[in-house]
Amino acid sequence: MSLVGSGLVGGWRRGHAVVERLDVAVEPGRVLGIAGPSGCGKSTLVRMLALLHTPWRGTVAVDGTAVPRMRYRAPAALRRRVGVVFQQPRAAADPRLTLTEILTEPLRAAGERDRAVLDARAAELSDRVGLTAELRTRRPHEVSDGQLQRACLARALAAEPDYLLCDEMTAMLDASTTAALVSVIGAEVDRGLGVLTVSHDEPLLAAWADEVLRPW
């Protein structure tokens, strides 16, 4: 049982691969760190494992189920099993939505329309990541980067994924917010969540991850 990338090769421009023949396995209940400098391909790796970017070569499998490579048309059920938190919360959040609407996006995308269910789930998720009821009524331009990243983490956890991928999640955050979000994820890992976190922050990875790979 794991999220596995085997022999992954990929990039954004043909002829210039930033990920080359990389093998990685994210296991339940563990945190795997990937270290590397900015621009080395860490984000490309995350997007391939998140089923958002088609590898040029290699395969991604979720608990033994290989993802079809035909334009990466992964079944929705597979996509929901992998959550992602990106580096820049403002680029990852629709500015027209309230934080409640942002963090319940996966539930609404899956067809949930019951307002009571959505509100209850929003309250539960917000409590886990440290967002108040008043903050949930605001839009992205009305909150700090740290508060918005908390909402993005809640969104990534909303569908109860088996795996969480963190792409430089704390790069834009202060130390206290970083510690708070790492603590939230730690509690989820204790419940069996498998986590991949990529960063150029070696001290953070040393403190957080069970294992750190340095493929670049």
# chains A, B, ... in the order shown; residues from 1 in each chain; ligands from 1
>>> residues_around(residues="range 118-123 of chain A", least_positions_apart="4", cutoff="10 Å", atoms="only C-alpha atoms", output="tab-separated table (two decimals) with N, CA, C and O atoms, in the first residue's frame")
chain	number	residue	atom	x	y	z
A	99	LEU	N	-13.31	31.53	2.29
A	99	LEU	CA	-12.48	30.42	2.74
A	99	LEU	C	-13.32	29.15	2.94
A	99	LEU	O	-12.85	28.04	2.66
A	100	THR	N	-14.56	29.32	3.39
A	100	THR	CA	-15.45	28.15	3.51
A	100	THR	C	-15.65	27.49	2.16
A	100	THR	O	-15.58	26.26	2.04
A	101	GLU	N	-15.88	28.29	1.13
A	101	GLU	CA	-16.09	27.73	-0.21
A	101	GLU	C	-14.81	27.10	-0.75
A	101	GLU	O	-14.86	26.07	-1.43
A	102	ILE	N	-13.67	27.68	-0.41
A	102	ILE	CA	-12.40	27.13	-0.87
A	102	ILE	C	-12.14	25.77	-0.25
A	102	ILE	O	-11.82	24.80	-0.94
A	103	LEU	N	-12.32	25.66	1.05
A	103	LEU	CA	-11.96	24.41	1.70
A	103	LEU	C	-12.98	23.29	1.48
A	103	LEU	O	-12.69	22.12	1.72
A	104	THR	N	-14.17	23.65	1.00
A	104	THR	CA	-15.15	22.60	0.68
A	104	THR	C	-15.22	22.30	-0.82
A	104	THR	O	-16.08	21.51	-1.25
A	105	GLU	N	-14.33	22.89	-1.60
A	105	GLU	CA	-14.32	22.65	-3.05
A	105	GLU	C	-14.32	21.16	-3.41
A	105	GLU	O	-15.09	20.73	-4.29
A	107	LEU	N	-15.47	18.61	-1.87
A	107	LEU	CA	-16.75	17.99	-1.55
A	107	LEU	C	-17.81	18.38	-2.57
A	107	LEU	O	-18.59	17.53	-3.04
A	108	ARG	N	-17.82	19.65	-2.95
A	108	ARG	CA	-18.78	20.09	-3.95
A	108	ARG	C	-18.46	19.49	-5.31
A	108	ARG	O	-19.36	19.14	-6.07
A	112	GLU	N	-21.47	16.80	-3.49
A	112	GLU	CA	-22.18	17.13	-2.25
A	112	GLU	C	-22.85	18.50	-2.39
A	112	GLU	O	-22.21	19.49	-2.72
A	113	ARG	N	-24.14	18.55	-2.14
A	113	ARG	CA	-24.90	19.80	-2.27
A	113	ARG	C	-25.64	20.17	-0.99
A	113	ARG	O	-26.21	21.26	-0.90
A	114	ASP	N	-25.65	19.30	-0.01
A	114	ASP	CA	-26.37	19.55	1.24
A	114	ASP	C	-25.62	20.62	2.04
A	114	ASP	O	-24.51	20.39	2.51
A	127	ASP	N	-11.51	23.84	12.35
A	127	ASP	CA	-11.05	23.63	13.72
A	127	ASP	C	-9.71	22.89	13.71
A	127	ASP	O	-8.81	23.20	14.49
A	128	ARG	N	-9.55	21.95	12.80
A	128	ARG	CA	-8.32	21.18	12.72
A	128	ARG	C	-7.13	22.04	12.31
A	128	ARG	O	-6.00	21.83	12.80
A	131	LEU	N	-8.62	27.77	11.91
A	131	LEU	CA	-9.33	28.90	11.32
A	131	LEU	C	-10.61	29.17	12.10
A	131	LEU	O	-11.37	28.24	12.37
A	132	THR	N	-10.85	30.42	12.44
A	132	THR	CA	-12.07	30.76	13.16
A	132	THR	C	-13.26	30.86	12.21
A	132	THR	O	-13.09	30.98	10.99
A	133	ALA	N	-14.45	30.82	12.79
A	133	ALA	CA	-15.67	30.94	11.98
A	133	ALA	C	-15.70	32.28	11.25
A	133	ALA	O	-16.16	32.37	10.10
A	136	ARG	N	-13.51	32.27	8.14
A	136	ARG	CA	-14.06	31.46	7.05
A	136	ARG	C	-14.99	32.26	6.15
A	136	ARG	O	-15.26	31.87	5.02
A	151	ALA	N	-6.35	27.35	5.00
A	151	ALA	CA	-7.54	26.95	4.25
A	151	ALA	C	-7.18	25.98	3.13
A	151	ALA	O	-7.92	25.02	2.86
A	154	ALA	N	-6.68	22.64	4.66
A	154	ALA	CA	-7.99	22.05	4.97
A	154	ALA	C	-8.64	21.50	3.70
A	154	ALA	O	-9.25	20.43	3.72
A	155	ARG	N	-8.54	22.25	2.61
A	155	ARG	CA	-9.10	21.79	1.34
A	155	ARG	C	-8.45	20.47	0.91
A	155	ARG	O	-9.13	19.55	0.43
A	158	ALA	N	-9.93	17.69	2.84
A	158	ALA	CA	-11.39	17.61	2.86
A	158	ALA	C	-11.94	16.28	2.38
A	158	ALA	O	-12.92	15.76	2.92
>>> residues_around(residues="Ala206 in chain A", least_positions_apart="6", cutoff="12 Å", atoms="only C-alpha atoms", output="PDB file with N, CA and C atoms, in the first residue's frame")
ATOM      1  N   VAL A  31       6.319  10.207   6.692  1.00  0.00           N
ATOM      2  CA  VAL A  31       6.612  11.446   5.973  1.00  0.00           C
ATOM      3  C   VAL A  31       7.918  11.258   5.209  1.00  0.00           C
ATOM      4  N   LEU A  32       7.833  11.370   3.895  1.00  0.00           N
ATOM      5  CA  LEU A  32       9.018  11.290   3.044  1.00  0.00           C
ATOM      6  C   LEU A  32       9.380  12.693   2.593  1.00  0.00           C
ATOM      7  N   GLY A  33      10.610  13.105   2.834  1.00  0.00           N
ATOM      8  CA  GLY A  33      11.077  14.408   2.398  1.00  0.00           C
ATOM      9  C   GLY A  33      11.914  14.299   1.133  1.00  0.00           C
ATOM     10  N   ILE A  34      11.754  15.271   0.257  1.00  0.00           N
ATOM     11  CA  ILE A  34      12.578  15.382  -0.948  1.00  0.00           C
ATOM     12  C   ILE A  34      13.269  16.736  -0.885  1.00  0.00           C
ATOM     13  N   ALA A  35      14.604  16.734  -0.863  1.00  0.00           N
ATOM     14  CA  ALA A  35      15.373  17.972  -0.765  1.00  0.00           C
ATOM     15  C   ALA A  35      15.975  18.325  -2.115  1.00  0.00           C
ATOM     16  N   THR A 197       6.788  15.604   1.339  1.00  0.00           N
ATOM     17  CA  THR A 197       7.024  17.039   1.423  1.00  0.00           C
ATOM     18  C   THR A 197       8.329  17.365   0.722  1.00  0.00           C
ATOM     19  N   VAL A 198       8.295  18.316  -0.191  1.00  0.00           N
ATOM     20  CA  VAL A 198       9.493  18.731  -0.912  1.00  0.00           C
ATOM     21  C   VAL A 198       9.876  20.133  -0.456  1.00  0.00           C
ATOM     22  N   SER A 199      11.177  20.355  -0.290  1.00  0.00           N
ATOM     23  CA  SER A 199      11.628  21.638   0.230  1.00  0.00           C
ATOM     24  C   SER A 199      13.118  21.809   0.007  1.00  0.00           C
ATOM     25  N   HIS A 200      13.564  23.062   0.009  1.00  0.00           N
ATOM     26  CA  HIS A 200      14.990  23.347   0.042  1.00  0.00           C
ATOM     27  C   HIS A 200      15.431  23.655   1.468  1.00  0.00           C
ATOM     28  N   VAL A 212      14.697  11.379   4.186  1.00  0.00           N
ATOM     29  CA  VAL A 212      14.907  12.476   3.243  1.00  0.00           C
ATOM     30  C   VAL A 212      15.719  11.956   2.057  1.00  0.00           C
ATOM     31  N   LEU A 213      15.182  12.158   0.850  1.00  0.00           N
ATOM     32  CA  LEU A 213      15.900  11.812  -0.366  1.00  0.00           C
ATOM     33  C   LEU A 213      16.470  13.079  -1.003  1.00  0.00           C
TER      34      LEU A 213
END
>>> closest_atom_pairs(of="range 28-141 of chain A", to="range 168-182 of chain A", cutoff="8 Å", atoms="only C-alpha atoms", output="Markdown table")
| residue | atom | partner | partner_atom | distance |
| --- | --- | --- | --- | --- |
| A:Val85 | CA | A:Met169 | CA | 6.1 |
| A:Phe86 | CA | A:Met169 | CA | 5.7 |
| A:Gln87 | CA | A:Met169 | CA | 4.6 |
| A:Gln88 | CA | A:Met172 | CA | 7.3 |
| A:Val129 | CA | A:Leu181 | CA | 7.0 |
>>> residues_around(residues="Ala66 in chain A", least_positions_apart="6", cutoff="10 Å", atoms="only C-alpha atoms", output="PDB file with C-alpha atoms, in the first residue's frame")
ATOM      1  CA  LEU A   3       1.793   5.942  -3.759  1.00  0.00           C
ATOM      2  CA  VAL A   4       4.609   4.943  -6.101  1.00  0.00           C
ATOM      3  CA  GLY A   5       6.375   6.699  -8.935  1.00  0.00           C
ATOM      4  CA  THR A  59       4.430   5.177 -14.158  1.00  0.00           C
ATOM      5  CA  VAL A  60       2.497   6.322 -11.124  1.00  0.00           C
ATOM      6  CA  ALA A  74      -6.960   9.392 -13.911  1.00  0.00           C
ATOM      7  CA  LEU A  78      -7.957   7.994  -7.701  1.00  0.00           C
TER       8      LEU A  78
END
>>> atom_distance(atom1="CA of Arg80 in chain A", atom2="CA of Ala93 in chain A")
17.7 Å
>>> closest_residue(among="A:Val184, A:Val117, A:Val9, A:Leu193", to="Gly130 in chain A", atoms="only C-alpha atoms")
A:Val184
>>> atom_distance(atom1="CA of Leu204 in chain A", atom2="CA of Pro140 in chain A")
26.7 Å
>>> select_by_dssp(residues="range 11-175 of chain A", states="strand (DSSP E or B)", output="PyMOL selection string")
chain A and resi 13+16+19-26+31-35+57-62+65-66+82-85+163-167
>>> atom_distance(atom1="CA of Arg191 in chain A", atom2="CA of Ala50 in chain A")
20.7 Å
>>> closest_residue(among="A:Leu52, A:Ala92, A:Gly36, A:Ala159", to="Asp201 in chain A", atoms="only C-alpha atoms")
A:Gly36
>>> closest_residue(among="A:Glu188, A:Arg214, A:Asp63, A:Pro68", to="Glu160 in chain A", atoms="only C-alpha atoms")
A:Glu188
>>> closest_residue(among="A:Leu49, A:Ser38, A:Arg30, A:Val189", to="Ser6 in chain A", atoms="only C-alpha atoms")
A:Leu49
>>> residues_around(residues="Gly41 in chain A", least_positions_apart="5", cutoff="9 Å", atoms="only C-alpha atoms", output="ChimeraX atom specification")
/A:10-11,17-19,36,46,216
>>> select_by_dssp(residues="range 42-141 of chain A", states="helix (DSSP H, G or I)", output="JSON, numbers by chain")
{"A": [42, 43, 44, 45, 46, 47, 48, 49, 76, 77, 78, 79, 89, 90, 91, 92, 99, 100, 101, 102, 103, 105, 106, 107, 108, 109, 115, 116, 117, 118, 119, 120, 121, 122, 123, 124, 125, 126, 127, 128, 129, 133, 134, 135, 136, 140, 141]}
>>> closest_residue(among="A:Ala116, A:Leu205, A:Leu125, A:Val84", to="Cys166 in chain A", atoms="only C-alpha atoms")
A:Val84
